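Text of the file my_file_1.txt, holding compact mmCIF, C-alpha atoms and all ligand atoms:
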```
# COMPACT_ATOMS: atom_id res chain seq x y z
CA MET A 1 -82.67 25.89 -39.80
CA LYS A 2 -81.66 28.01 -36.84
CA ASP A 3 -78.41 29.95 -37.02
CA ASP A 4 -76.81 28.16 -34.12
CA LYS A 5 -77.54 24.93 -35.98
CA ILE A 6 -75.78 26.02 -39.13
CA SER A 7 -72.68 27.07 -37.21
CA GLU A 8 -72.93 23.77 -35.37
CA VAL A 9 -72.83 21.85 -38.62
CA ILE A 10 -69.85 23.77 -39.97
CA ARG A 11 -67.91 23.35 -36.73
CA VAL A 12 -67.30 19.71 -37.43
CA GLY A 13 -63.87 18.93 -38.80
CA LYS A 14 -63.52 19.15 -42.52
CA ALA A 15 -66.66 21.21 -43.02
CA GLN A 16 -64.96 23.98 -41.12
CA VAL A 17 -62.02 23.89 -43.46
CA LEU A 18 -64.32 23.77 -46.48
CA VAL A 19 -66.16 26.98 -45.64
CA TYR A 20 -62.84 28.78 -45.78
CA GLU A 21 -62.08 27.23 -49.15
CA LEU A 22 -65.36 27.23 -51.03
CA ARG A 23 -66.87 30.35 -52.52
CA VAL A 24 -70.48 31.40 -52.59
CA GLU A 25 -70.77 30.53 -56.29
CA ALA A 26 -70.12 26.87 -55.44
CA ALA A 27 -73.24 26.70 -53.27
CA MET A 28 -75.70 29.23 -54.74
CA SER A 29 -78.66 28.41 -56.98
CA THR A 30 -78.28 29.98 -60.38
CA ASN A 31 -81.72 29.63 -61.91
CA VAL A 32 -83.23 32.43 -59.93
CA CYS A 33 -86.93 33.16 -60.01
CA SER A 34 -87.39 36.91 -59.94
CA VAL A 35 -90.09 39.54 -60.40
CA SER A 36 -90.00 42.99 -61.92
CA PRO A 37 -90.79 46.11 -59.86
CA ASP A 38 -93.89 46.64 -62.00
CA ASP A 39 -95.37 43.21 -61.26
CA THR A 40 -98.11 43.04 -58.62
CA MET A 41 -98.14 41.30 -55.26
CA GLU A 42 -100.67 38.90 -56.78
CA ASP A 43 -97.97 37.89 -59.28
CA VAL A 44 -95.61 37.36 -56.35
CA ARG A 45 -98.15 35.08 -54.68
CA LYS A 46 -98.40 32.91 -57.77
CA ILE A 47 -94.64 32.55 -58.21
CA LEU A 48 -93.98 31.79 -54.53
CA LYS A 49 -96.71 29.17 -54.56
CA GLU A 50 -95.67 27.60 -57.82
CA HIS A 51 -92.00 27.23 -56.83
CA ALA A 52 -92.65 26.64 -53.13
CA ILE A 53 -90.20 29.36 -52.10
CA SER A 54 -90.45 32.16 -49.60
CA GLY A 55 -88.85 35.17 -51.25
CA LEU A 56 -87.85 36.68 -54.59
CA PRO A 57 -85.31 39.18 -55.81
CA VAL A 58 -86.79 42.12 -57.69
CA VAL A 59 -84.97 42.77 -60.94
CA ALA A 60 -85.21 45.39 -63.68
CA GLY A 61 -83.13 44.44 -66.70
CA ASP A 62 -80.22 42.68 -65.04
CA GLU A 63 -80.14 45.05 -62.14
CA LEU A 64 -81.14 44.09 -58.63
CA LYS A 65 -83.69 46.56 -57.26
CA GLY A 66 -84.81 44.90 -54.08
CA ILE A 67 -86.18 41.77 -52.49
CA VAL A 68 -89.74 40.76 -51.73
CA SER A 69 -90.57 38.10 -49.18
CA ILE A 70 -93.52 36.03 -48.05
CA GLU A 71 -93.93 38.43 -45.10
CA ASP A 72 -94.42 41.34 -47.52
CA LEU A 73 -97.01 39.26 -49.33
CA ILE A 74 -98.92 38.38 -46.13
CA GLU A 75 -99.02 42.02 -45.15
CA SER A 76 -100.43 43.02 -48.53
CA ILE A 77 -103.08 40.30 -48.24
CA LEU A 78 -104.07 41.42 -44.73
CA GLU A 79 -104.38 44.97 -45.99
CA GLY A 80 -106.33 43.76 -49.03
CA LYS A 81 -103.81 45.36 -51.35
CA THR A 82 -102.53 42.50 -53.48
CA ALA A 83 -102.88 44.70 -56.53
CA ASP A 84 -100.04 46.89 -55.24
CA ARG A 85 -96.90 47.02 -57.36
CA VAL A 86 -93.92 45.08 -56.08
CA SER A 87 -91.91 48.33 -56.06
CA GLN A 88 -94.24 49.70 -53.33
CA ARG A 89 -93.79 46.69 -51.04
CA MET A 90 -90.27 45.36 -51.59
CA THR A 91 -87.25 45.94 -49.38
CA ARG A 92 -84.94 48.30 -51.22
CA GLU A 93 -81.17 47.94 -51.22
CA PRO A 94 -81.20 44.42 -49.84
CA VAL A 95 -78.10 42.93 -48.23
CA THR A 96 -76.23 41.15 -51.00
CA ILE A 97 -73.24 38.92 -51.16
CA CYS A 98 -70.67 38.53 -53.95
CA SER A 99 -70.25 35.31 -55.87
CA ASP A 100 -66.52 35.23 -55.04
CA ASP A 101 -67.01 35.73 -51.29
CA LEU A 102 -65.99 32.77 -49.13
CA LEU A 103 -68.82 30.64 -47.77
CA VAL A 104 -67.82 31.55 -44.24
CA ARG A 105 -68.80 35.14 -45.04
CA ALA A 106 -72.28 34.03 -46.07
CA ILE A 107 -72.61 31.98 -42.89
CA ASN A 108 -71.63 34.97 -40.78
CA ASP A 109 -74.09 37.18 -42.62
CA PHE A 110 -76.92 34.72 -42.03
CA GLY A 111 -76.10 34.93 -38.34
CA ARG A 112 -75.90 38.71 -38.41
CA TYR A 113 -78.94 39.71 -40.46
CA ARG A 114 -81.45 36.94 -39.81
CA TYR A 115 -82.65 36.92 -43.42
CA GLY A 116 -83.50 33.63 -45.05
CA ARG A 117 -81.68 34.34 -48.32
CA PHE A 118 -79.19 36.65 -49.93
CA PRO A 119 -79.15 37.69 -53.57
CA VAL A 120 -75.71 36.96 -55.02
CA ILE A 121 -74.19 39.56 -57.33
CA ASN A 122 -71.08 39.67 -59.47
CA ARG A 123 -68.54 41.89 -57.73
CA GLN A 124 -67.56 43.77 -60.90
CA THR A 125 -70.80 44.07 -62.86
CA LYS A 126 -73.05 44.21 -59.76
CA LYS A 127 -75.55 42.09 -61.70
CA LEU A 128 -77.63 39.39 -60.06
CA VAL A 129 -76.09 35.95 -60.69
CA GLY A 130 -77.80 33.76 -58.12
CA ILE A 131 -79.40 33.41 -54.73
CA ILE A 132 -78.21 31.58 -51.63
CA THR A 133 -80.03 30.11 -48.62
CA LYS A 134 -78.78 28.22 -45.59
CA GLY A 135 -80.17 25.07 -47.16
CA ASP A 136 -77.96 25.64 -50.22
CA ILE A 137 -74.89 25.87 -47.99
CA ILE A 138 -75.67 22.74 -46.03
CA ARG A 139 -76.39 20.76 -49.21
CA CYS A 140 -73.16 21.94 -50.81
CA LEU A 141 -71.09 21.05 -47.72
CA PHE A 142 -72.60 17.61 -47.40
CA LYS A 143 -71.96 16.91 -51.05
CA ARG A 144 -68.34 18.00 -50.79
CA LEU A 145 -67.77 16.10 -47.57
CA GLU A 146 -69.19 12.99 -49.07
CA SER A 147 -67.03 13.15 -52.18
CA ASN A 148 -63.89 13.98 -50.14
CA HIS A 149 -64.61 11.10 -47.86
CA TYR A 150 -65.18 8.86 -50.81
CA GLU A 151 -61.87 9.83 -52.42
CA ASP A 152 -59.99 9.17 -49.18
CA GLU A 153 -61.60 5.79 -48.83
CA LEU A 154 -60.94 4.93 -52.43
CA ARG A 155 -57.26 5.80 -52.11
CA ARG A 156 -56.92 3.73 -48.97
CA TYR A 157 -58.79 0.88 -50.56
CA ARG A 158 -56.60 0.82 -53.64
CA ALA A 159 -53.38 0.90 -51.65
CA GLY A 160 -54.66 -1.43 -48.97
CA HIS A 161 -55.46 -4.14 -51.46
CA LEU A 162 -52.10 -3.96 -53.12
CA PHE A 163 -50.96 -7.26 -51.73
CA GLU A 164 -54.19 -9.04 -52.55
CA ASP A 165 -54.35 -7.69 -56.09
CA ILE A 166 -50.77 -8.46 -56.99
CA ARG A 167 -50.32 -12.20 -57.15
CA SER A 168 -46.96 -13.74 -56.44
CA ASP A 169 -45.45 -16.22 -54.03
CA HIS A 170 -44.03 -13.36 -52.10
CA SER A 171 -44.67 -9.62 -52.60
CA SER A 172 -42.98 -6.76 -50.85
CA LEU A 173 -42.92 -3.03 -51.28
CA VAL A 174 -39.67 -1.18 -50.61
CA LEU A 175 -39.71 2.51 -49.70
CA LYS A 176 -36.34 4.20 -49.56
CA TYR A 177 -35.62 7.56 -47.95
CA ASN A 178 -32.28 9.10 -48.70
CA LEU A 179 -31.02 11.10 -45.75
CA GLU A 180 -27.50 11.59 -47.05
CA GLY A 181 -26.25 14.90 -45.72
CA ALA A 182 -29.67 15.62 -44.25
CA SER A 183 -29.75 18.85 -42.30
CA PHE A 184 -31.07 19.08 -38.80
CA GLU A 185 -34.18 20.91 -39.95
CA LYS A 186 -34.98 18.34 -42.60
CA ALA A 187 -34.52 15.44 -40.22
CA GLY A 188 -37.76 13.68 -39.43
CA GLU A 189 -39.14 14.04 -42.93
CA GLY A 190 -38.32 10.48 -43.91
CA SER A 191 -40.24 8.98 -41.02
CA SER A 192 -43.09 11.43 -41.49
CA GLN A 193 -43.50 10.44 -45.15
CA LEU A 194 -43.20 6.80 -44.20
CA LYS A 195 -46.03 7.20 -41.72
CA LYS A 196 -48.38 8.68 -44.32
CA ASN A 197 -47.64 5.82 -46.68
CA LEU A 198 -48.18 3.18 -44.01
CA LEU A 199 -51.57 4.66 -43.18
CA ARG A 200 -52.45 4.77 -46.86
CA LEU A 201 -51.60 1.09 -47.09
CA GLY A 202 -54.21 0.46 -44.47
CA ILE A 203 -51.79 -0.40 -41.65
CA HIS A 204 -53.42 0.12 -38.28
CA PRO A 205 -52.63 3.59 -36.82
CA ASP A 206 -51.22 2.11 -33.58
CA VAL A 207 -48.85 -0.10 -35.55
CA ALA A 208 -47.93 2.71 -37.94
CA ARG A 209 -47.14 4.91 -34.94
CA ARG A 210 -44.68 2.41 -33.48
CA ILE A 211 -42.90 2.11 -36.82
CA THR A 212 -42.82 5.90 -37.17
CA ILE A 213 -41.39 6.54 -33.71
CA ALA A 214 -38.66 3.93 -34.16
CA SER A 215 -37.85 5.29 -37.64
CA TYR A 216 -37.69 8.81 -36.30
CA GLU A 217 -35.21 7.83 -33.59
CA ALA A 218 -33.09 5.98 -36.16
CA GLU A 219 -33.25 8.93 -38.52
CA MET A 220 -32.17 11.38 -35.82
CA ASN A 221 -29.25 9.20 -34.79
CA MET A 222 -28.03 9.11 -38.39
CA VAL A 223 -28.30 12.88 -38.65
CA ILE A 224 -26.67 13.59 -35.29
CA PHE A 225 -23.87 11.00 -35.21
CA CYS A 226 -23.24 10.51 -38.95
CA LYS A 227 -23.59 12.63 -42.05
CA GLY A 228 -27.00 11.14 -42.67
CA GLY A 229 -27.79 7.72 -44.08
CA THR A 230 -30.59 5.76 -45.68
CA LEU A 231 -33.88 4.60 -44.28
CA ILE A 232 -35.31 1.59 -46.09
CA ALA A 233 -38.73 0.27 -45.19
CA THR A 234 -39.73 -3.11 -46.59
CA ILE A 235 -43.44 -3.66 -46.36
CA GLU A 236 -44.72 -7.21 -46.55
CA PRO A 237 -48.23 -8.51 -45.97
CA ARG A 238 -47.58 -9.35 -42.30
CA CYS A 239 -44.55 -7.35 -41.35
CA VAL A 240 -42.71 -4.08 -41.87
CA THR A 241 -38.90 -4.18 -41.70
CA VAL A 242 -36.92 -0.96 -41.47
CA ASN A 243 -33.18 -0.75 -42.10
CA ALA A 244 -31.33 2.40 -41.10
CA VAL A 245 -27.97 2.23 -42.82
CA ASP A 246 -25.13 4.72 -42.46
CA GLN A 247 -21.42 5.03 -43.22
CA GLY A 248 -20.76 6.95 -40.03
CA PRO A 249 -18.23 6.41 -37.21
CA GLY A 250 -19.86 3.22 -35.94
CA ILE A 251 -20.64 2.27 -32.36
CA PRO A 252 -17.71 0.87 -30.30
CA ASP A 253 -19.78 -0.74 -27.54
CA ILE A 254 -23.26 -1.74 -28.68
CA ALA A 255 -24.40 -3.09 -25.29
CA ARG A 256 -23.52 0.22 -23.72
CA ALA A 257 -25.22 2.25 -26.46
CA MET A 258 -28.39 0.27 -25.81
CA GLU A 259 -28.43 1.25 -22.11
CA PRO A 260 -31.11 3.82 -21.33
CA GLY A 261 -29.43 7.13 -20.52
CA TYR A 262 -26.16 6.45 -22.34
CA SER A 263 -25.37 9.20 -24.81
CA THR A 264 -22.35 10.74 -26.47
CA ALA A 265 -24.38 13.59 -27.95
CA PRO A 266 -22.49 16.91 -28.00
CA ASP A 267 -23.75 19.86 -25.98
CA TRP A 268 -25.26 21.77 -28.89
CA VAL A 269 -27.43 18.79 -29.70
CA ARG A 270 -28.46 18.39 -26.07
CA GLU A 271 -29.62 21.98 -26.02
CA LEU A 272 -32.08 21.03 -28.73
CA GLY A 273 -33.51 18.26 -26.59
CA PHE A 274 -31.61 15.27 -27.93
CA GLY A 275 -29.12 13.18 -26.02
CA ALA A 276 -31.32 11.66 -23.36
CA GLY A 277 -29.84 8.32 -24.38
CA MET A 278 -33.32 6.95 -24.93
CA GLY A 279 -33.44 6.64 -28.70
CA LEU A 280 -32.18 3.07 -29.06
CA PRO A 281 -34.23 1.84 -26.07
CA ASN A 282 -37.28 3.49 -27.65
CA ILE A 283 -36.63 1.63 -30.89
CA LYS A 284 -36.40 -1.61 -28.98
CA ASN A 285 -39.68 -0.95 -27.18
CA CYS A 286 -41.53 0.00 -30.32
CA SER A 287 -40.43 -2.97 -32.39
CA ASP A 288 -40.95 -6.71 -32.23
CA GLU A 289 -37.37 -7.48 -33.26
CA MET A 290 -34.27 -5.34 -33.34
CA HIS A 291 -30.74 -5.99 -34.58
CA LEU A 292 -27.89 -3.53 -34.31
CA ASP A 293 -24.72 -4.16 -36.31
CA SER A 294 -21.88 -1.71 -36.30
CA THR A 295 -18.21 -1.55 -37.27
CA VAL A 296 -16.13 1.34 -35.99
CA GLY A 297 -14.93 3.42 -38.91
CA LYS A 298 -17.27 1.72 -41.37
CA GLY A 299 -20.82 2.41 -40.27
CA THR A 300 -23.94 1.09 -38.64
CA ASN A 301 -26.86 -1.01 -39.77
CA LEU A 302 -29.86 -0.95 -37.51
CA GLN A 303 -32.74 -3.21 -38.39
CA PHE A 304 -36.10 -3.50 -36.71
CA LYS A 305 -39.29 -5.37 -37.51
CA VAL A 306 -42.87 -4.70 -36.56
CA TYR A 307 -45.54 -7.32 -37.20
CA THR A 308 -48.62 -5.75 -38.68
CA LYS A 309 -50.89 -8.76 -38.28
CA LYS A 310 -50.69 -10.81 -35.16
CA MET B 1 -61.52 18.70 -22.73
CA LYS B 2 -61.31 20.50 -26.06
CA LEU B 3 -58.17 22.34 -27.05
CA ARG B 4 -60.31 25.44 -27.61
CA GLU B 5 -61.24 25.65 -23.95
CA ILE B 6 -57.62 25.32 -22.88
CA VAL B 7 -56.64 28.08 -25.32
CA ASN B 8 -59.30 30.34 -23.81
CA GLN B 9 -58.59 29.53 -20.18
CA LEU B 10 -54.81 29.85 -20.48
CA GLN B 11 -54.96 32.73 -22.96
CA LEU B 12 -52.67 30.99 -25.39
CA ALA B 13 -51.65 32.49 -28.72
CA VAL B 14 -52.64 30.15 -31.53
CA LYS B 15 -49.78 29.98 -34.04
CA THR B 16 -51.01 27.07 -36.13
CA GLY B 17 -54.06 24.83 -36.12
CA ALA B 18 -56.75 27.45 -35.50
CA ASP B 19 -59.07 25.06 -37.31
CA LEU B 20 -58.08 22.10 -35.14
CA LEU B 21 -59.16 23.42 -31.74
CA ASP B 22 -62.02 20.95 -31.51
CA ARG B 23 -59.51 18.24 -30.76
CA ASP B 24 -59.89 16.44 -27.48
CA VAL B 25 -57.04 16.60 -25.01
CA ASN B 26 -56.80 13.50 -22.84
CA GLY B 27 -53.87 14.56 -20.68
CA GLY B 28 -50.60 16.41 -20.72
CA TYR B 29 -46.87 15.80 -20.80
CA ALA B 30 -44.15 18.28 -19.97
CA GLY B 31 -40.59 17.64 -21.05
CA ASP B 32 -37.73 18.94 -23.13
CA LEU B 33 -35.99 15.66 -23.93
CA LEU B 34 -37.46 14.55 -27.21
CA SER B 35 -36.81 10.83 -26.81
CA ASP B 36 -38.36 10.97 -23.38
CA VAL B 37 -41.49 12.53 -24.81
CA LEU B 38 -41.60 9.87 -27.51
CA ALA B 39 -41.29 7.19 -24.86
CA HIS B 40 -43.68 8.51 -22.23
CA ALA B 41 -46.24 10.94 -23.64
CA ARG B 42 -49.50 9.31 -24.64
CA VAL B 43 -51.44 9.60 -27.86
CA GLY B 44 -53.76 12.62 -27.65
CA ASN B 45 -51.68 14.38 -24.95
CA LEU B 46 -50.91 18.07 -25.01
CA TRP B 47 -47.15 18.59 -24.85
CA ILE B 48 -45.52 21.44 -22.97
CA THR B 49 -41.99 22.32 -24.05
CA LEU B 50 -39.55 25.20 -24.42
CA HIS B 51 -38.16 24.02 -27.75
CA THR B 52 -38.99 25.95 -30.90
CA HIS B 53 -37.15 24.00 -33.64
CA PRO B 54 -38.89 21.93 -36.33
CA ASN B 55 -38.18 18.61 -34.63
CA ILE B 56 -40.93 19.27 -32.11
CA VAL B 57 -43.39 18.86 -34.97
CA ALA B 58 -41.85 15.54 -35.95
CA VAL B 59 -42.15 14.33 -32.36
CA ALA B 60 -45.76 15.49 -31.98
CA SER B 61 -46.75 13.99 -35.28
CA SER B 62 -44.96 10.65 -34.76
CA LYS B 63 -46.72 10.31 -31.44
CA ASP B 64 -50.09 11.71 -32.58
CA LEU B 65 -50.12 14.33 -29.84
CA ALA B 66 -53.07 16.77 -29.63
CA GLY B 67 -50.83 19.83 -29.81
CA ILE B 68 -47.83 21.68 -28.43
CA ILE B 69 -47.67 24.51 -25.91
CA VAL B 70 -44.41 26.44 -26.25
CA VAL B 71 -43.62 28.21 -22.98
CA ASN B 72 -41.89 31.43 -21.87
CA GLY B 73 -43.36 33.30 -24.82
CA ARG B 74 -40.77 31.80 -27.16
CA THR B 75 -41.29 32.20 -30.88
CA PRO B 76 -41.15 29.02 -32.97
CA ASP B 77 -38.95 29.05 -36.08
CA GLU B 78 -40.68 29.80 -39.40
CA GLU B 79 -39.89 26.27 -40.55
CA THR B 80 -41.50 24.87 -37.41
CA LEU B 81 -44.72 26.69 -38.16
CA ARG B 82 -44.69 25.65 -41.80
CA LYS B 83 -44.28 22.01 -40.87
CA ALA B 84 -46.84 22.23 -38.09
CA ALA B 85 -49.42 23.60 -40.52
CA GLU B 86 -48.61 20.82 -42.96
CA GLU B 87 -48.74 18.09 -40.34
CA GLN B 88 -51.82 19.57 -38.66
CA ILE B 89 -50.19 20.11 -35.31
CA PRO B 90 -51.59 23.04 -33.29
CA ILE B 91 -48.81 25.20 -31.85
CA LEU B 92 -49.87 27.40 -28.94
CA ILE B 93 -47.72 29.93 -27.12
CA SER B 94 -47.88 30.72 -23.43
CA SER B 95 -46.08 33.66 -21.88
CA GLY B 96 -45.83 31.65 -18.65
CA SER B 97 -43.28 29.06 -17.59
CA THR B 98 -43.65 25.30 -17.88
CA TYR B 99 -44.48 25.20 -14.18
CA SER B 100 -47.25 27.78 -14.38
CA VAL B 101 -48.75 26.17 -17.49
CA VAL B 102 -48.78 22.75 -15.85
CA CYS B 103 -50.38 24.18 -12.71
CA LYS B 104 -53.15 25.84 -14.70
CA LEU B 105 -53.79 22.68 -16.70
CA GLY B 106 -53.98 20.80 -13.41
CA GLU B 107 -56.61 23.25 -12.15
CA LEU B 108 -58.63 22.56 -15.29
CA GLY B 109 -58.51 18.88 -14.47
CA ILE B 110 -56.00 17.93 -17.19
CA THR B 111 -53.58 15.41 -15.74
N1 LIG C 1 -26.06 5.61 -36.20
C1 LIG C 1 -25.17 5.79 -35.21
N2 LIG C 1 -23.85 5.99 -35.48
C2 LIG C 1 -22.97 6.16 -34.49
N3 LIG C 1 -23.30 6.18 -33.19
C3 LIG C 1 -24.58 5.99 -32.84
C4 LIG C 1 -25.58 5.79 -33.81
N4 LIG C 1 -26.76 5.62 -33.18
C5 LIG C 1 -26.50 5.71 -31.87
N5 LIG C 1 -25.18 5.92 -31.64
C6 LIG C 1 -24.53 5.99 -30.32
O1 LIG C 1 -25.37 5.39 -29.37
C7 LIG C 1 -25.70 6.32 -28.33
C8 LIG C 1 -27.08 6.06 -27.80
O2 LIG C 1 -28.03 6.35 -28.82
P1 LIG C 1 -29.51 6.74 -28.41
O3 LIG C 1 -30.30 7.03 -29.64
O4 LIG C 1 -30.03 5.71 -27.50
O5 LIG C 1 -29.32 8.07 -27.56
P2 LIG C 1 -28.98 9.54 -28.06
O6 LIG C 1 -29.19 9.65 -29.53
O7 LIG C 1 -27.65 9.90 -27.57
O8 LIG C 1 -30.07 10.38 -27.29
P3 LIG C 1 -31.62 10.48 -27.67
O9 LIG C 1 -31.89 9.46 -28.70
O10 LIG C 1 -32.33 10.21 -26.39
O11 LIG C 1 -31.84 11.85 -28.17
C9 LIG C 1 -25.49 7.66 -28.96
O12 LIG C 1 -25.20 8.67 -28.00
C10 LIG C 1 -24.28 7.42 -29.87
O13 LIG C 1 -23.09 7.43 -29.14
MG MG C 2 -30.90 8.98 -30.45
```
Once more with this new file: its structure as structure tokens, please.
Amino acid sequence: MKDDKISEVIRVGKAQVLVYELRVEAAMSTNVCSVSPDDTMEDVRKILKEHAISGLPVVAGDELKGIVSIEDLIESILEGKTADRVSQRMTREPVTICSDDLLVRAINDFGRYRYGRFPVINRQTKKLVGIITKGDIIRCLFKRLESNHYEDELRRYRAGHLFEDIRSDHSSLVLKYNLEGASFEKAGEGSSQLKKNLLRLGIHPDVARRITIASYEAEMNMVIFCKGGTLIATIEPRCVTVNAVDQGPGIPDIARAMEPGYSTAPDWVRELGFGAGMGLPNIKNCSDEMHLDSTVGKGTNLQFKVYTKK
Amino acid sequence: MKLREIVNQLQLAVKTGADLLDRDVNGGYAGDLLSDVLAHARVGNLWITLHTHPNIVAVASSKDLAGIIVVNGRTPDEETLRKAAEEQIPILISSGSTYSVVCKLGELGIT
């Protein structure tokens, strides 16, 4: 495989993340065929042929002495010197890589040196522990990607079938996010967690997005105009209902509050980009039904529904 | 167009999401009113803003935006960067103004 190909493969999404996570030892082959410096090139020929490989590390004891490749063998054949010792023909001090190096390092080295394989050594003992080729890396990445993918799917499947697996006349799942006294920085976390859960339940991303945006606006209003509140999402097979409940100051004129552009947000909040007076209209646009109840001095209950199956 | 190309052409500093630059950008939206962005930006848009607080991440993630360009060389809060990394939102910094960033994006054909 050409070098541009290997970097091409690792450019795609998760593989790119994986090469920064996985270490060489996860991808290398550990049962390494090797020769000793005193073996002959004829021995090399037999081993390469038998294992259908194109190079071998040269090892004395546990110590890596060099590397001998199919090119070295061809040369010795052309010169009629297959009885030569490996030590006369091998490349000394080959480029090695450590078993705890990140895979991305190996990929870069393949690009840099144009060798087909690197002997892998233990960083401390310097002893040979394996060998790695581009093929090893690709195989390892594909395997990991497949199992990651599978886990994701499995999780989605399990959650998505919740309502089919649990038999009752009516099932619903209630997710509650407590935003009491939520700080400005923390605001938005309820709706962000809600979104992840909706996606996990297999709700279509476009639908989940509408619910998330409306929840976020409701959450911000509770943080800005009250001392927080509670976000309660009730998930039913065909519909998600969100209640944003607070014990804040209440809204004196609901019709007015619903008008695009109407806002009582204080200046410091406006400096942060809130106060366009578009939150409630956004909630209305994102939802299929919306009810706003409020009593001055008592609090506000905002409810909206989004149908997940038309 | 890929985010990577925009980063290169506009010489943006990549604060988070260095591994997400293969994302496609299908347009842009400039604005500093968060609710307005939520209402009018489109999924996959690149958002240009001067805000640096963590709520920009919540907006970008609710709306599934491709990323955020913070203008005027402003530095996002630590918490903003932490959340952005967690939510996989690329945050890119431009030393230029909103106007100059929008003009350059326009030249690249991003509308
Ligand atoms: N939970 C609430 N408690 C008390 N008042 C509220 C509440 N939610 C909204 N309001 C009032 O309704 C007004 C309009 O709300 P809306 O969300 O539409 O705009 P905003 O929050 O002021 O600005 P934006 O949402 O665009 O940042 C607010 O300015 C505020 O006076
Ligand atoms: Mg609001």
Counting all atoms listed in the file, what is within 8 Å of A:Ser287, bar same-chain residues fewer than 3 positions away, as a PyMOL selection string?
-> chain A and resi 210-211+214+283-284+290+304-306
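Residue-level contact on chain B: within 7 Å of chain A, counting all atoms listed in the file, the set is Asp19, Asp32, Leu33, Leu34, Ser35, Asp36, Ala39, His51, Pro54, Asn55, Ala58, Ser62 and Lys63 of chain B.
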Work out how far apart atom CA of A:Leu64 and atom CA of A:Leu141 are and give it in Å to one decimal.
-> 27.4 Å
Interatomic distance between atom CA of A:Gly261 and atom CA of B:Ile48?
->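 Computed distance, atom CA of A:Gly261 to atom CA of B:Ile48, equals 21.7 Å.
When atom CA of A:Val19 is paired with atom CA of A:Arg123, their separation reads 19.3 Å.
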Mind checking which residues fall within 7 Å of B:Asp64, counting all atoms listed in the file, ignoring those fewer than 3 positions away in the same chain, and posting them as a ChimeraX atom specification?
-> /B:43-44,60-61
Which neighbours of stretch 124-140 of chain A fall inside 6 Å, counting all atoms listed in the file, when residues of the same chain fewer than 3 positions from it are skipped, and could you give them as a VMD selection string?
-> chain A and resid 27 to 30 32 62 to 63 117 to 121 143
Just-selected residues, C-alpha atoms written as a PDB file, keeping the file's coordinate frame:
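Okay, again01.pdb is ready:
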```pdb
ATOM      1  CA  ALA A  27     -73.240  26.700 -53.270  1.00  0.00           C
ATOM      2  CA  MET A  28     -75.700  29.230 -54.740  1.00  0.00           C
ATOM      3  CA  SER A  29     -78.660  28.410 -56.980  1.00  0.00           C
ATOM      4  CA  THR A  30     -78.280  29.980 -60.380  1.00  0.00           C
ATOM      5  CA  VAL A  32     -83.230  32.430 -59.930  1.00  0.00           C
ATOM      6  CA  ASP A  62     -80.220  42.680 -65.040  1.00  0.00           C
ATOM      7  CA  GLU A  63     -80.140  45.050 -62.140  1.00  0.00           C
ATOM      8  CA  ARG A 117     -81.680  34.340 -48.320  1.00  0.00           C
ATOM      9  CA  PHE A 118     -79.190  36.650 -49.930  1.00  0.00           C
ATOM     10  CA  PRO A 119     -79.150  37.690 -53.570  1.00  0.00           C
ATOM     11  CA  VAL A 120     -75.710  36.960 -55.020  1.00  0.00           C
ATOM     12  CA  ILE A 121     -74.190  39.560 -57.330  1.00  0.00           C
ATOM     13  CA  LYS A 143     -71.960  16.910 -51.050  1.00  0.00           C
TER      14      LYS A 143
END
```
Residue with the minimum atom-to-atom distance to B:Ala41, picked from B:Leu65, B:Ala18, B:Gln88, B:Thr98 with all atoms listed in the file counted, is B:Leu65
Spatial neighbours of A:Lys65, max dist 9 Å, all atoms listed in the file, sep filter under 3 positions, as an MDAnalysis selection string = chainID A and resid 36:37 57:60 87 90:94
Find the residues around A:Lys309 up to 12 Å (only C-alpha atoms counted), leave out those fewer than 3 positions away in its own chain, and share them as a ChimeraX atom specification.
-> /A:202-204,206-208,236-240,288,306
May I ask which of the residues B:Glu78, B:Glu107, B:Asp24, B:Glu86 is the closest one to B:Lys2, counting all atoms listed in the file?
->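 Once distances to B:Lys2 are computed over all atoms listed in the file, the minimum belongs to B:Asp24.
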Of the residues B:Ser97, B:Arg4, B:Val14, B:Leu38, which is the one nearest to ligand MG 2 (chain C), using only C-alpha atoms and all ligand atoms?
->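 Counting only C-alpha atoms and all ligand atoms, the residue closest to ligand MG 2 (chain C) is B:Leu38.
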